[in-house]
file target-v7.txt (compact mmCIF, C-alpha atoms)
# COMPACT_ATOMS: atom_id res chain seq x y z
CA MET A 1312 32.22 -12.53 4.34
CA PRO A 1313 33.17 -10.72 7.56
CA SER A 1314 31.47 -11.76 10.78
CA VAL A 1315 30.46 -8.14 11.37
CA ILE A 1316 28.82 -6.03 8.68
CA SER A 1317 29.00 -2.25 8.89
CA THR A 1318 26.47 -0.13 7.01
CA ASP A 1319 24.99 3.35 7.05
CA VAL A 1320 21.36 2.27 7.40
CA LEU A 1321 19.92 -1.07 8.45
CA ILE A 1322 16.29 -1.38 7.34
CA VAL A 1323 14.04 -4.04 8.82
CA GLY A 1324 10.99 -4.96 6.74
CA ALA A 1325 10.93 -5.44 2.96
CA GLY A 1326 7.47 -4.28 2.06
CA VAL A 1327 7.05 -1.39 -0.37
CA ALA A 1328 8.05 1.16 2.31
CA GLY A 1329 11.32 -0.59 3.13
CA LEU A 1330 12.13 -1.40 -0.49
CA TRP A 1331 11.37 2.16 -1.66
CA LEU A 1332 13.45 3.66 1.15
CA ASN A 1333 16.29 1.24 0.39
CA ALA A 1334 16.31 2.24 -3.28
CA ARG A 1335 16.20 5.97 -2.45
CA LEU A 1336 19.09 5.66 -0.01
CA ARG A 1337 21.22 3.62 -2.40
CA GLY A 1338 20.49 6.10 -5.18
CA GLN A 1339 22.04 8.80 -2.98
CA GLY A 1340 25.13 6.72 -2.22
CA TYR A 1341 24.27 5.37 1.23
CA SER A 1342 25.23 1.83 2.13
CA THR A 1343 22.24 -0.22 3.27
CA VAL A 1344 21.20 -3.64 4.46
CA LEU A 1345 17.51 -4.55 4.13
CA VAL A 1346 16.44 -7.49 6.31
CA GLU A 1347 13.24 -9.49 5.75
CA ASN A 1348 12.18 -12.51 7.82
CA ALA A 1349 9.63 -13.89 5.32
CA SER A 1350 9.01 -12.84 1.70
CA LEU A 1351 9.36 -9.54 -0.14
CA GLY A 1352 6.06 -7.65 0.04
CA GLY A 1353 4.32 -10.56 1.76
CA GLY A 1354 2.91 -8.52 4.65
CA GLN A 1355 0.65 -5.54 4.05
CA SER A 1356 2.05 -4.59 0.65
CA LEU A 1357 0.53 -7.43 -1.37
CA LYS A 1358 -2.75 -6.94 0.48
CA SER A 1359 -2.96 -3.41 -0.88
CA GLN A 1360 -5.34 -2.62 -3.74
CA GLY A 1361 -2.57 -0.76 -5.56
CA ILE A 1362 -4.35 2.62 -5.74
CA ILE A 1363 -2.03 5.63 -5.78
CA HIS A 1364 -4.43 7.93 -3.95
CA GLY A 1365 -4.42 11.66 -4.50
CA GLY A 1366 -6.92 12.47 -1.79
CA ALA A 1367 -10.25 12.11 -3.60
CA LYS A 1368 -11.93 9.66 -1.27
CA TYR A 1369 -10.91 11.81 1.71
CA ALA A 1370 -12.82 14.82 0.34
CA LEU A 1371 -16.28 13.37 -0.09
CA HIS A 1372 -17.92 16.21 1.84
CA GLY A 1373 -16.39 18.92 -0.34
CA ALA A 1374 -13.53 19.96 1.97
CA LEU A 1375 -9.87 19.01 1.74
CA SER A 1376 -8.83 17.20 4.91
CA GLY A 1377 -5.33 16.85 6.30
CA ALA A 1378 -5.11 13.46 4.62
CA SER A 1379 -5.95 14.78 1.17
CA GLU A 1380 -3.51 17.69 1.59
CA ALA A 1381 -0.68 15.33 2.55
CA ILE A 1382 -1.33 12.85 -0.22
CA ALA A 1383 -2.21 15.24 -3.05
CA ASP A 1384 1.24 15.17 -4.68
CA MET A 1385 1.71 11.40 -4.57
CA PRO A 1386 0.24 10.52 -8.02
CA ARG A 1387 2.66 12.93 -9.74
CA ARG A 1388 5.67 11.48 -7.95
CA TRP A 1389 4.65 7.92 -8.74
CA ARG A 1390 3.97 8.74 -12.41
CA GLU A 1391 7.41 10.30 -12.75
CA ALA A 1392 9.05 7.23 -11.18
CA LEU A 1393 7.05 4.90 -13.44
CA ALA A 1394 8.18 6.94 -16.46
CA GLY A 1395 11.82 6.61 -15.35
CA THR A 1396 12.18 10.34 -14.72
CA GLY A 1397 11.50 10.50 -10.97
CA GLU A 1398 13.29 9.75 -7.72
CA LEU A 1399 13.33 6.03 -8.62
CA HIS A 1400 13.39 4.32 -12.00
CA LEU A 1401 10.28 2.13 -11.99
CA SER A 1402 9.84 1.74 -15.73
CA GLY A 1403 8.57 -1.77 -16.39
CA VAL A 1404 6.19 -1.83 -13.43
CA ARG A 1405 2.74 -2.76 -14.73
CA VAL A 1406 0.10 -0.04 -14.53
CA LEU A 1407 -3.34 -1.66 -14.27
CA SER A 1408 -5.27 1.55 -14.85
CA GLN A 1409 -4.24 5.12 -15.62
CA ALA A 1410 -7.19 6.37 -13.56
CA HIS A 1411 -9.35 5.51 -10.63
CA TYR A 1412 -13.03 6.48 -10.71
CA LEU A 1413 -15.74 7.85 -8.46
CA TRP A 1414 -18.93 6.02 -9.32
CA SER A 1415 -22.38 7.08 -8.18
CA PRO A 1416 -25.13 4.46 -8.46
CA GLY A 1417 -27.70 7.11 -9.36
CA THR A 1418 -29.19 7.95 -5.97
CA LEU A 1419 -29.58 11.60 -5.05
CA ALA A 1420 -27.15 11.34 -2.13
CA GLY A 1421 -24.58 9.54 -4.26
CA ASN A 1422 -24.82 12.07 -7.08
CA LEU A 1423 -24.44 15.00 -4.69
CA THR A 1424 -21.44 13.36 -3.07
CA SER A 1425 -19.87 12.82 -6.49
CA PHE A 1426 -20.43 16.46 -7.38
CA PHE A 1427 -18.88 17.85 -4.20
CA ALA A 1428 -15.97 15.44 -4.36
CA SER A 1429 -15.26 16.51 -7.94
CA LYS A 1430 -15.07 20.15 -6.87
CA ALA A 1431 -12.86 19.48 -3.86
CA VAL A 1432 -10.03 17.27 -5.06
CA ARG A 1433 -6.88 18.63 -6.58
CA GLY A 1434 -6.12 18.00 -10.22
CA ARG A 1435 -8.45 17.56 -13.15
CA VAL A 1436 -11.63 15.56 -12.48
CA ASP A 1437 -13.85 14.82 -15.47
CA GLN A 1438 -17.22 13.15 -15.77
CA VAL A 1439 -17.04 10.25 -18.25
CA LYS A 1440 -19.78 8.60 -20.30
CA GLY A 1441 -20.34 5.91 -22.91
CA ALA A 1442 -17.23 4.24 -24.28
CA ASP A 1443 -15.06 6.12 -21.77
CA LEU A 1444 -16.72 4.34 -18.84
CA PRO A 1445 -14.85 1.50 -17.10
CA PRO A 1446 -15.58 -1.77 -18.96
CA ALA A 1447 -17.67 -3.20 -16.11
CA LEU A 1448 -20.00 -0.16 -16.23
CA GLN A 1449 -20.50 -0.14 -20.00
CA ASN A 1450 -24.03 -1.50 -19.93
CA PRO A 1451 -27.31 0.14 -20.99
CA LYS A 1452 -28.71 -0.56 -17.52
CA PHE A 1453 -26.10 1.62 -15.85
CA LYS A 1454 -27.73 4.94 -14.89
CA GLY A 1455 -25.20 6.44 -12.50
CA LYS A 1456 -22.51 9.07 -12.88
CA VAL A 1457 -18.78 8.42 -13.12
CA TYR A 1458 -15.90 10.82 -12.53
CA ARG A 1459 -12.37 10.06 -13.69
CA LEU A 1460 -9.63 10.79 -11.15
CA ALA A 1461 -5.95 11.27 -11.93
CA GLU A 1462 -5.06 8.38 -9.59
CA LEU A 1463 -3.41 5.40 -11.23
CA VAL A 1464 -3.63 1.78 -10.06
CA ILE A 1465 -0.48 -0.32 -10.16
CA ASP A 1466 0.26 -4.03 -10.11
CA VAL A 1467 1.90 -4.38 -6.69
CA PRO A 1468 3.69 -7.71 -7.43
CA SER A 1469 5.52 -6.15 -10.39
CA LEU A 1470 6.36 -3.10 -8.25
CA ILE A 1471 7.93 -5.31 -5.58
CA GLN A 1472 9.90 -7.20 -8.20
CA ARG A 1473 11.30 -3.96 -9.63
CA LEU A 1474 12.16 -2.54 -6.20
CA ALA A 1475 13.93 -5.82 -5.40
CA GLU A 1476 16.03 -5.35 -8.55
CA LEU A 1477 16.95 -1.84 -7.37
CA ALA A 1478 18.11 -3.33 -4.06
CA ASP A 1479 21.16 -4.60 -5.97
CA GLY A 1480 22.61 -7.01 -3.43
CA SER A 1481 21.50 -5.26 -0.24
CA LEU A 1482 18.75 -7.79 0.66
CA LEU A 1483 19.21 -10.25 3.50
CA ALA A 1484 16.91 -13.04 4.71
CA GLY A 1485 16.95 -13.19 8.49
CA GLN A 1486 14.72 -15.06 10.93
CA ASP A 1487 16.16 -14.22 14.34
CA LEU A 1488 16.69 -10.53 15.06
CA GLU A 1489 18.05 -9.22 18.36
CA PRO A 1490 19.26 -5.77 19.37
CA LEU A 1491 23.00 -5.13 19.18
CA LEU A 1492 24.04 -2.91 22.06
CA GLU A 1493 27.17 -1.08 23.23
CA GLY A 1494 26.45 -0.35 26.85
CA ASN A 1495 22.82 0.76 26.74
CA GLU A 1496 23.07 2.24 23.25
CA LEU A 1497 21.60 0.51 20.20
CA VAL A 1498 24.28 0.23 17.51
CA GLY A 1499 22.67 -2.30 15.17
CA MET A 1500 20.99 -5.70 15.10
CA ARG A 1501 22.18 -9.29 15.41
CA VAL A 1502 20.59 -11.17 12.49
CA ASP A 1503 20.76 -14.97 12.71
CA GLY A 1504 23.90 -14.64 14.81
CA ARG A 1505 25.64 -12.12 12.52
CA ASP A 1506 26.25 -8.60 13.83
CA ILE A 1507 25.20 -5.71 11.63
CA VAL A 1508 26.46 -2.36 12.90
CA ALA A 1509 24.63 0.64 11.49
CA GLN A 1510 24.64 4.39 11.92
CA ARG A 1511 20.84 4.22 11.88
CA VAL A 1512 18.32 1.37 12.24
CA VAL A 1513 14.94 1.86 10.54
CA LEU A 1514 12.02 -0.35 11.56
CA CYS A 1515 9.35 -0.37 8.86
CA ALA A 1516 8.07 -3.92 9.26
CA GLY A 1517 4.38 -3.00 9.45
CA ALA A 1518 2.69 -5.16 12.08
CA GLY A 1519 6.11 -6.63 12.90
CA ASN A 1520 7.23 -3.31 14.37
CA ALA A 1521 5.40 -4.10 17.61
CA ASP A 1522 7.43 -7.28 18.28
CA LEU A 1523 10.67 -5.55 17.29
CA LEU A 1524 10.01 -2.66 19.66
CA ASN A 1525 9.28 -5.17 22.41
CA LYS A 1526 12.63 -6.87 21.80
CA LEU A 1527 14.33 -3.49 21.95
CA GLY A 1528 12.55 -2.64 25.20
CA VAL A 1529 11.06 0.47 23.60
CA ALA A 1530 7.46 1.36 24.45
CA GLN A 1531 6.91 4.15 21.92
CA PRO A 1532 5.70 4.74 19.31
CA ALA A 1533 2.60 2.67 20.04
CA MET A 1534 1.00 0.77 17.16
CA GLN A 1535 -2.64 0.22 16.30
CA ARG A 1536 -4.22 -2.42 14.09
CA ARG A 1537 -7.16 -1.22 11.97
CA PRO A 1538 -9.01 -4.36 10.87
CA LEU A 1539 -10.60 -4.92 7.45
CA HIS A 1540 -12.43 -7.90 5.97
CA MET A 1541 -11.75 -7.80 2.23
CA VAL A 1542 -13.35 -9.96 -0.47
CA PHE A 1543 -11.92 -11.53 -3.64
CA ALA A 1544 -14.07 -12.55 -6.63
CA LYS A 1545 -12.59 -14.42 -9.61
CA GLY A 1546 -14.36 -15.38 -12.81
CA ALA A 1547 -14.57 -15.07 -16.59
CA SER A 1548 -17.63 -12.78 -16.33
CA LEU A 1549 -15.70 -10.05 -14.49
CA LYS A 1550 -14.44 -7.09 -16.50
CA PRO A 1551 -11.92 -4.51 -15.27
CA LEU A 1552 -13.23 -2.02 -12.72
CA TYR A 1553 -11.22 0.45 -10.69
CA ALA A 1554 -13.67 2.59 -8.77
CA HIS A 1555 -15.08 3.84 -5.49
CA CYS A 1556 -18.85 3.35 -5.42
CA LEU A 1557 -20.21 6.30 -3.47
CA GLY A 1558 -23.01 6.32 -0.97
CA GLY A 1559 -24.17 9.29 1.06
CA GLY A 1560 -21.54 9.02 3.78
CA PRO A 1561 -17.90 10.04 4.17
CA LYS A 1562 -16.53 6.65 3.03
CA PRO A 1563 -16.94 4.81 -0.27
CA ARG A 1564 -19.71 2.20 -0.19
CA LEU A 1565 -17.44 -0.16 -2.13
CA THR A 1566 -13.92 0.15 -3.50
CA VAL A 1567 -13.19 -2.29 -6.32
CA THR A 1568 -9.86 -2.93 -8.02
CA THR A 1569 -9.11 -5.62 -10.61
CA HIS A 1570 -5.98 -7.78 -10.72
CA PRO A 1571 -4.59 -10.40 -13.13
CA ALA A 1572 -4.71 -13.96 -11.80
CA ALA A 1573 -2.14 -16.58 -12.75
CA ASN A 1574 -4.70 -18.33 -15.03
CA GLY A 1575 -5.40 -15.15 -17.02
CA GLN A 1576 -8.76 -14.35 -15.46
CA TRP A 1577 -9.50 -11.13 -13.63
CA VAL A 1578 -9.86 -10.96 -9.86
CA TRP A 1579 -11.95 -8.25 -8.22
CA TYR A 1580 -10.61 -7.09 -4.87
CA VAL A 1581 -13.41 -5.45 -2.88
CA GLY A 1582 -12.99 -3.11 0.08
CA GLY A 1583 -14.53 0.16 1.20
CA ASP A 1584 -17.15 0.60 3.89
CA VAL A 1585 -18.40 -2.97 3.36
CA ALA A 1586 -15.00 -4.24 4.60
CA GLU A 1587 -14.90 -2.13 7.75
CA ALA A 1588 -16.86 -2.37 11.05
CA ASP A 1589 -19.86 -4.46 9.99
CA GLY A 1590 -17.74 -6.48 7.59
CA VAL A 1591 -15.15 -7.24 10.26
CA ALA A 1592 -17.92 -8.62 12.50
CA ARG A 1593 -19.15 -11.04 9.79
CA ASP A 1594 -17.76 -14.52 9.24
CA PRO A 1595 -16.39 -15.25 5.73
CA ALA A 1596 -19.66 -16.73 4.39
CA GLN A 1597 -21.65 -13.75 5.68
CA GLN A 1598 -19.15 -11.28 4.24
CA ILE A 1599 -19.23 -12.92 0.82
CA ALA A 1600 -23.03 -12.88 0.92
CA ALA A 1601 -23.02 -9.18 1.82
CA VAL A 1602 -20.69 -8.30 -1.08
CA LYS A 1603 -22.70 -10.48 -3.51
CA LYS A 1604 -25.83 -8.60 -2.46
CA GLU A 1605 -24.17 -5.23 -2.96
CA LEU A 1606 -22.82 -6.18 -6.38
CA GLY A 1607 -26.18 -7.68 -7.37
CA THR A 1608 -27.88 -4.40 -6.46
CA LEU A 1609 -25.31 -2.09 -8.03
CA LEU A 1610 -24.27 -4.16 -11.08
CA PRO A 1611 -27.21 -6.49 -11.77
CA TRP A 1612 -26.11 -7.20 -15.35
CA ILE A 1613 -22.95 -9.01 -14.25
CA ASP A 1614 -23.33 -12.79 -13.99
CA LEU A 1615 -21.88 -13.94 -10.68
CA THR A 1616 -23.04 -17.56 -10.87
CA GLU A 1617 -19.64 -19.00 -11.89
CA VAL A 1618 -17.54 -16.66 -9.78
CA GLU A 1619 -15.18 -18.03 -7.09
CA TRP A 1620 -15.03 -16.19 -3.78
CA ALA A 1621 -12.63 -15.78 -0.87
CA THR A 1622 -12.15 -13.35 1.98
CA LEU A 1623 -9.07 -11.89 3.58
CA ARG A 1624 -8.76 -10.36 7.02
CA VAL A 1625 -6.24 -7.54 7.02
CA ASP A 1626 -4.90 -5.62 9.99
CA ARG A 1627 -3.60 -2.29 8.76
CA ALA A 1628 -0.68 -1.59 11.08
CA GLU A 1629 -0.28 2.12 11.84
CA PRO A 1630 0.88 4.48 14.58
CA ALA A 1631 -1.74 4.56 17.32
CA GLN A 1632 -4.44 7.21 16.85
CA SER A 1633 -7.37 8.20 19.02
CA GLY A 1634 -10.43 6.14 18.07
CA LEU A 1635 -8.53 3.97 15.54
CA VAL A 1636 -8.82 6.70 12.90
CA ARG A 1637 -6.61 6.58 9.83
CA PRO A 1638 -3.37 8.62 10.12
CA ASP A 1639 -3.12 11.57 7.73
CA ASN A 1640 0.36 10.94 6.34
CA ALA A 1641 3.50 8.83 6.68
CA PHE A 1642 4.89 8.56 10.20
CA LEU A 1643 8.45 8.45 11.50
CA SER A 1644 9.73 8.53 15.09
CA VAL A 1645 13.45 9.18 15.68
CA GLN A 1646 15.07 8.02 18.93
CA ASN A 1647 18.87 8.37 18.71
CA ARG A 1648 19.98 5.69 16.21
CA LEU A 1649 16.55 4.11 16.05
CA MET A 1650 13.90 5.19 13.54
CA VAL A 1651 10.45 3.64 13.63
CA GLY A 1652 7.83 4.28 10.99
CA TRP A 1653 4.80 3.34 8.99
CA PRO A 1654 3.95 4.77 5.54
CA THR A 1655 0.24 4.27 6.52
CA LYS A 1656 -0.71 3.88 2.82
CA LEU A 1657 1.03 2.41 -0.22
CA ALA A 1658 0.88 5.79 -1.98
CA LEU A 1659 2.81 7.47 0.84
CA ALA A 1660 5.99 5.38 0.49
CA PRO A 1661 7.80 8.38 -1.09
CA ASP A 1662 6.70 10.58 1.83
CA PHE A 1663 8.07 8.02 4.29
CA SER A 1664 11.46 7.96 2.54
CA ASP A 1665 11.52 11.78 2.53
CA ARG A 1666 11.19 11.76 6.31
CA VAL A 1667 14.05 9.29 6.77
CA LEU A 1668 16.32 11.22 4.39
CA ALA A 1669 15.53 14.47 6.19
CA ALA A 1670 16.43 12.87 9.55
CA LEU A 1671 19.74 11.55 8.14
CA SER A 1672 20.56 15.00 6.80
CA LEU A 1673 19.71 16.65 10.11
CA ASP A 1674 22.04 14.25 11.93
CA GLU A 1675 24.77 14.69 9.28
CA ILE A 1676 24.90 11.01 8.35
CA HIS A 1677 27.03 10.77 5.20
CA PRO A 1678 27.23 7.91 2.65
CA THR A 1679 29.90 5.22 2.92
CA PRO A 1680 30.72 2.24 0.64
CA GLN A 1681 28.23 -0.63 0.39
CA PRO A 1682 29.21 -3.97 2.01
CA SER A 1683 28.97 -7.11 -0.09
CA LEU A 1684 26.17 -9.49 0.87
CA SER A 1685 26.63 -11.83 -2.08
CA ASP A 1686 27.26 -14.93 0.06
CA LEU A 1687 24.22 -14.45 2.33
CA PRO A 1688 20.66 -15.77 1.84
CA LYS A 1689 18.09 -13.59 0.06
CA PRO A 1690 14.36 -13.41 0.81
CA PRO A 1691 12.04 -14.69 -1.97
CA LEU A 1692 9.34 -12.69 -3.72
CA ALA A 1693 5.89 -13.20 -2.22
CA VAL A 1694 3.14 -14.93 -4.21
CA PRO A 1695 0.17 -12.60 -4.97
CA ILE A 1696 -2.47 -13.04 -2.30
CA TRP A 1697 -5.28 -13.68 -4.80
CA ASP A 1698 -3.29 -16.56 -6.31
CA GLN A 1699 -2.81 -18.00 -2.83
CA LEU A 1700 -6.52 -17.82 -1.96
CA LEU A 1701 -7.99 -18.58 -5.42
CA PRO A 1702 -5.38 -20.77 -7.18
call {"tool": "encode", "arguments": {"input": "target-v7.txt", "output": "structure tokens"}}
result
Amino acid sequence: MPSVISTDVLIVGAGVAGLWLNARLRGQGYSTVLVENASLGGGQSLKSQGIIHGGAKYALHGALSGASEAIADMPRRWREALAGTGELHLSGVRVLSQAHYLWSPGTLAGNLTSFFASKAVRGRVDQVKGADLPPALQNPKFKGKVYRLAELVIDVPSLIQRLAELADGSLLAGQDLEPLLEGNELVGMRVDGRDIVAQRVVLCAGAGNADLLNKLGVAQPAMQRRPLHMVFAKGASLKPLYAHCLGGGPKPRLTVTTHPAANGQWVWYVGGDVAEADGVARDPAQQIAAVKKELGTLLPWIDLTEVEWATLRVDRAEPAQSGLVRPDNAFLSVQNRLMVGWPTKLALAPDFSDRVLAALSLDEIHPTPQPSLSDLPKPPLAVPIWDQLLP
């Protein structure tokens, strides 16, 4: 193994954004090295709910926002990749649900919001009833309305495993990263004492971008952390549910996704408005109590007595926005050889890779042969967060 590795693109951060970009680049013949200082997907990626959004929850007032416009084509691109006919071959990745749902609890405001959302979003949106309802809502006591959205939900651990397979020897575990300079120009990174020279360096390490930019002495782009306080519930009484529960406001009252635990039980992962400002201010016991109360009100037929609970504080790392609002689409800043970006949502990983590929094309960066990394350490796959918190 040479003491200096030369590559077209050095990517720092092996979450879904970095892994997807790596696979796209390698599919087009570029040589790449993807460096991760912990585990594959162990940052924000495995804290995602796995929803491939198409813009529905951003159109709850009946008007398509910039976010819903930017994200509208993502479900199609993901479905093609999952079928093995798209930009990546992701066949074998587990799809947890072919649809996500808008669920109104039966209040006037909720029903009106459901109606306007169904008219605003792109793609076919159907009201479902009876046996077509999500299993958790198939109860005679349920009196609300449910709309089926063409937004699938994927098992993120199996996605990360497949993207790691597509990395095909380009992964590198590295703890100590320092800028590699020629004069004042960045030409790569020194990773655990080994120099990696690259035509372009892409930072997509989520929250880790801030420390990397500090090491590089680069002040922009600035990063924001948008805090959430999510809740996990695990128990034999829980049936699959993939839905936004709507209130009368612009955000879902609850967003619930369901994930397979290592012991075969289902785990509900609960976010939405309950996980935002008021939820962030609560301690874990208070947050669990608040979610129990919401579920008891909305789904009173579900027995929660034997359910295990845990909470997770998540800082969504994003480019800084006025008022900590959510960015509308993937973000990429290009500064000579340095590229810095955030996909901002799991679903927008293809959009992020588009932006990097467009920048490479603009700068006339052409593919060169891939270096061998076979003798160097590889980062491990991360353990699903629900299995860490509720073993």
call {"tool": "closest_atom_pairs", "arguments": {"input": "target-v7.txt", "of": "stretch 1542-1607 of chain A", "to": "stretch 1468-1482 of chain A", "cutoff": "12 Å", "atoms": "all atoms listed in the file", "output": "Markdown table"}}
result
| residue | atom | partner | partner_atom | distance |
| --- | --- | --- | --- | --- |
| A:His1570 | CA | A:Pro1468 | CA | 10.2 |
| A:Pro1571 | CA | A:Pro1468 | CA | 10.4 |
| A:Ala1572 | CA | A:Pro1468 | CA | 11.3 |
| A:Ala1573 | CA | A:Pro1468 | CA | 11.9 |
call {"tool": "residues_around", "arguments": {"input": "target-v7.txt", "residues": "A:Ala1547", "least_positions_apart": "4", "cutoff": "10 Å", "atoms": "all atoms listed in the file", "output": "list in words"}}
result
Gly1575, Gln1576, Trp1577, Val1578, Asp1614, Leu1615, Glu1617, Val1618 and Glu1619 of chain A
call {"tool": "residues_around", "arguments": {"input": "target-v7.txt", "residues": "stretch 1461-1463 of chain A", "least_positions_apart": "6", "cutoff": "7 Å", "atoms": "all atoms listed in the file", "output": "PyMOL selection string"}}
result
chain A and resi 1362-1365+1386+1408-1411+1434-1435
call {"tool": "residues_around", "arguments": {"input": "target-v7.txt", "residues": "A:Tyr1341", "least_positions_apart": "2", "cutoff": "12 Å", "atoms": "all atoms listed in the file", "output": "ChimeraX atom specification"}}
result
/A:1317-1321,1332-1339,1343-1344,1478,1481,1509-1511,1668,1671-1672,1676-1682
call {"tool": "residues_near_point", "arguments": {"input": "target-v7.txt", "point": "(-12.7, -17.8, -7.0)", "cutoff": "7 Å", "atoms": "all atoms listed in the file", "output": "list in words"}}
result
Ala1544, Lys1545, Gly1546, Val1618, Glu1619, Trp1620, Ala1621 and Leu1701 of chain A
call {"tool": "atom_distance", "arguments": {"input": "target-v7.txt", "atom1": "atom CA of A:Gly1519", "atom2": "atom CA of A:Leu1692"}}
result
18.0 Å
call {"tool": "residues_around", "arguments": {"input": "target-v7.txt", "residues": "A:Arg1593", "least_positions_apart": "6", "cutoff": "12 Å", "atoms": "all atoms listed in the file", "output": "JSON, numbers by chain"}}
result
{"A": [1539, 1540, 1541, 1542, 1585, 1586, 1587, 1599, 1600, 1601, 1602, 1622, 1623, 1624]}
call {"tool": "residues_near_point", "arguments": {"input": "target-v7.txt", "point": "(16.6, -12.5, 0.9)", "cutoff": "6 Å", "atoms": "all atoms listed in the file", "output": "PDB file with C-alpha atoms, in the coordinates of the input"}}
result
ATOM      1  CA  LEU A1482      18.750  -7.790   0.660  1.00  0.00           C
ATOM      2  CA  LEU A1483      19.210 -10.250   3.500  1.00  0.00           C
ATOM      3  CA  ALA A1484      16.910 -13.040   4.710  1.00  0.00           C
ATOM      4  CA  PRO A1688      20.660 -15.770   1.840  1.00  0.00           C
ATOM      5  CA  LYS A1689      18.090 -13.590   0.060  1.00  0.00           C
ATOM      6  CA  PRO A1690      14.360 -13.410   0.810  1.00  0.00           C
ATOM      7  CA  PRO A1691      12.040 -14.690  -1.970  1.00  0.00           C
TER       8      PRO A1691
END
call {"tool": "axis_aligned_box", "arguments": {"input": "target-v7.txt", "around": "stretch 1515-1522 of chain A", "padding_each_side": "3 Å", "output": "lines of an AutoDock Vina configuration file"}}
result
center_x = 6.0
center_y = -3.8
center_z = 13.6
size_x = 12.7
size_y = 12.9
size_z = 15.4
call {"tool": "atom_distance", "arguments": {"input": "target-v7.txt", "atom1": "atom CA of A:Pro1695", "atom2": "atom CA of A:Val1467"}}
result
8.6 Å
call {"tool": "closest_residue", "arguments": {"input": "target-v7.txt", "among": "A:Leu1491, A:Ile1465, A:Leu1448, A:Ala1660", "to": "A:Glu1398", "atoms": "all atoms listed in the file"}}
result
A:Ala1660
call {"tool": "closest_residue", "arguments": {"input": "target-v7.txt", "among": "A:Ala1658, A:Asp1589, A:Asp1686, A:Pro1630", "to": "A:Arg1390", "atoms": "all atoms listed in the file"}}
result
A:Ala1658
call {"tool": "residues_around", "arguments": {"input": "target-v7.txt", "residues": "A:Lys1526", "least_positions_apart": "2", "cutoff": "9 Å", "atoms": "only C-alpha atoms", "output": "number ranges by chain"}}
result
A: 1488-1490, 1521-1524, 1528-1529
call {"tool": "write_last_selection", "arguments": {"input": "target-v7.txt", "atoms": "C-alpha atoms", "output": "mmCIF file, in the coordinates of the input"}}
result
data_model
loop_
_atom_site.group_PDB
_atom_site.id
_atom_site.type_symbol
_atom_site.label_atom_id
_atom_site.label_comp_id
_atom_site.auth_asym_id
_atom_site.auth_seq_id
_atom_site.Cartn_x
_atom_site.Cartn_y
_atom_site.Cartn_z
ATOM 1 C CA LEU A 1488 16.690 -10.530 15.060
ATOM 2 C CA GLU A 1489 18.050 -9.220 18.360
ATOM 3 C CA PRO A 1490 19.260 -5.770 19.370
ATOM 4 C CA ALA A 1521 5.400 -4.100 17.610
ATOM 5 C CA ASP A 1522 7.430 -7.280 18.280
ATOM 6 C CA LEU A 1523 10.670 -5.550 17.290
ATOM 7 C CA LEU A 1524 10.010 -2.660 19.660
ATOM 8 C CA GLY A 1528 12.550 -2.640 25.200
ATOM 9 C CA VAL A 1529 11.060 0.470 23.600
#
call {"tool": "closest_residue", "arguments": {"input": "target-v7.txt", "among": "A:Leu1460, A:Leu1330, A:Ala1325, A:Ile1382", "to": "A:Asn1348", "atoms": "all atoms listed in the file"}}
result
A:Ala1325
call {"tool": "atom_distance", "arguments": {"input": "target-v7.txt", "atom1": "atom CA of A:Gly1353", "atom2": "atom CA of A:Ala1693"}}
result
5.0 Å
call {"tool": "closest_residue", "arguments": {"input": "target-v7.txt", "among": "A:Pro1661, A:Gly1560, A:Pro1451, A:Gly1652", "to": "A:Gln1531", "atoms": "all atoms listed in the file"}}
result
A:Gly1652
call {"tool": "closest_residue", "arguments": {"input": "target-v7.txt", "among": "A:Val1508, A:Val1464, A:Leu1609, A:Leu1357", "to": "A:Gly1558", "atoms": "all atoms listed in the file"}}
result
A:Leu1609
call {"tool": "closest_residue", "arguments": {"input": "target-v7.txt", "among": "A:Leu1649, A:Leu1413, A:Ala1596, A:Leu1657", "to": "A:Gln1355", "atoms": "all atoms listed in the file"}}
result
A:Leu1657
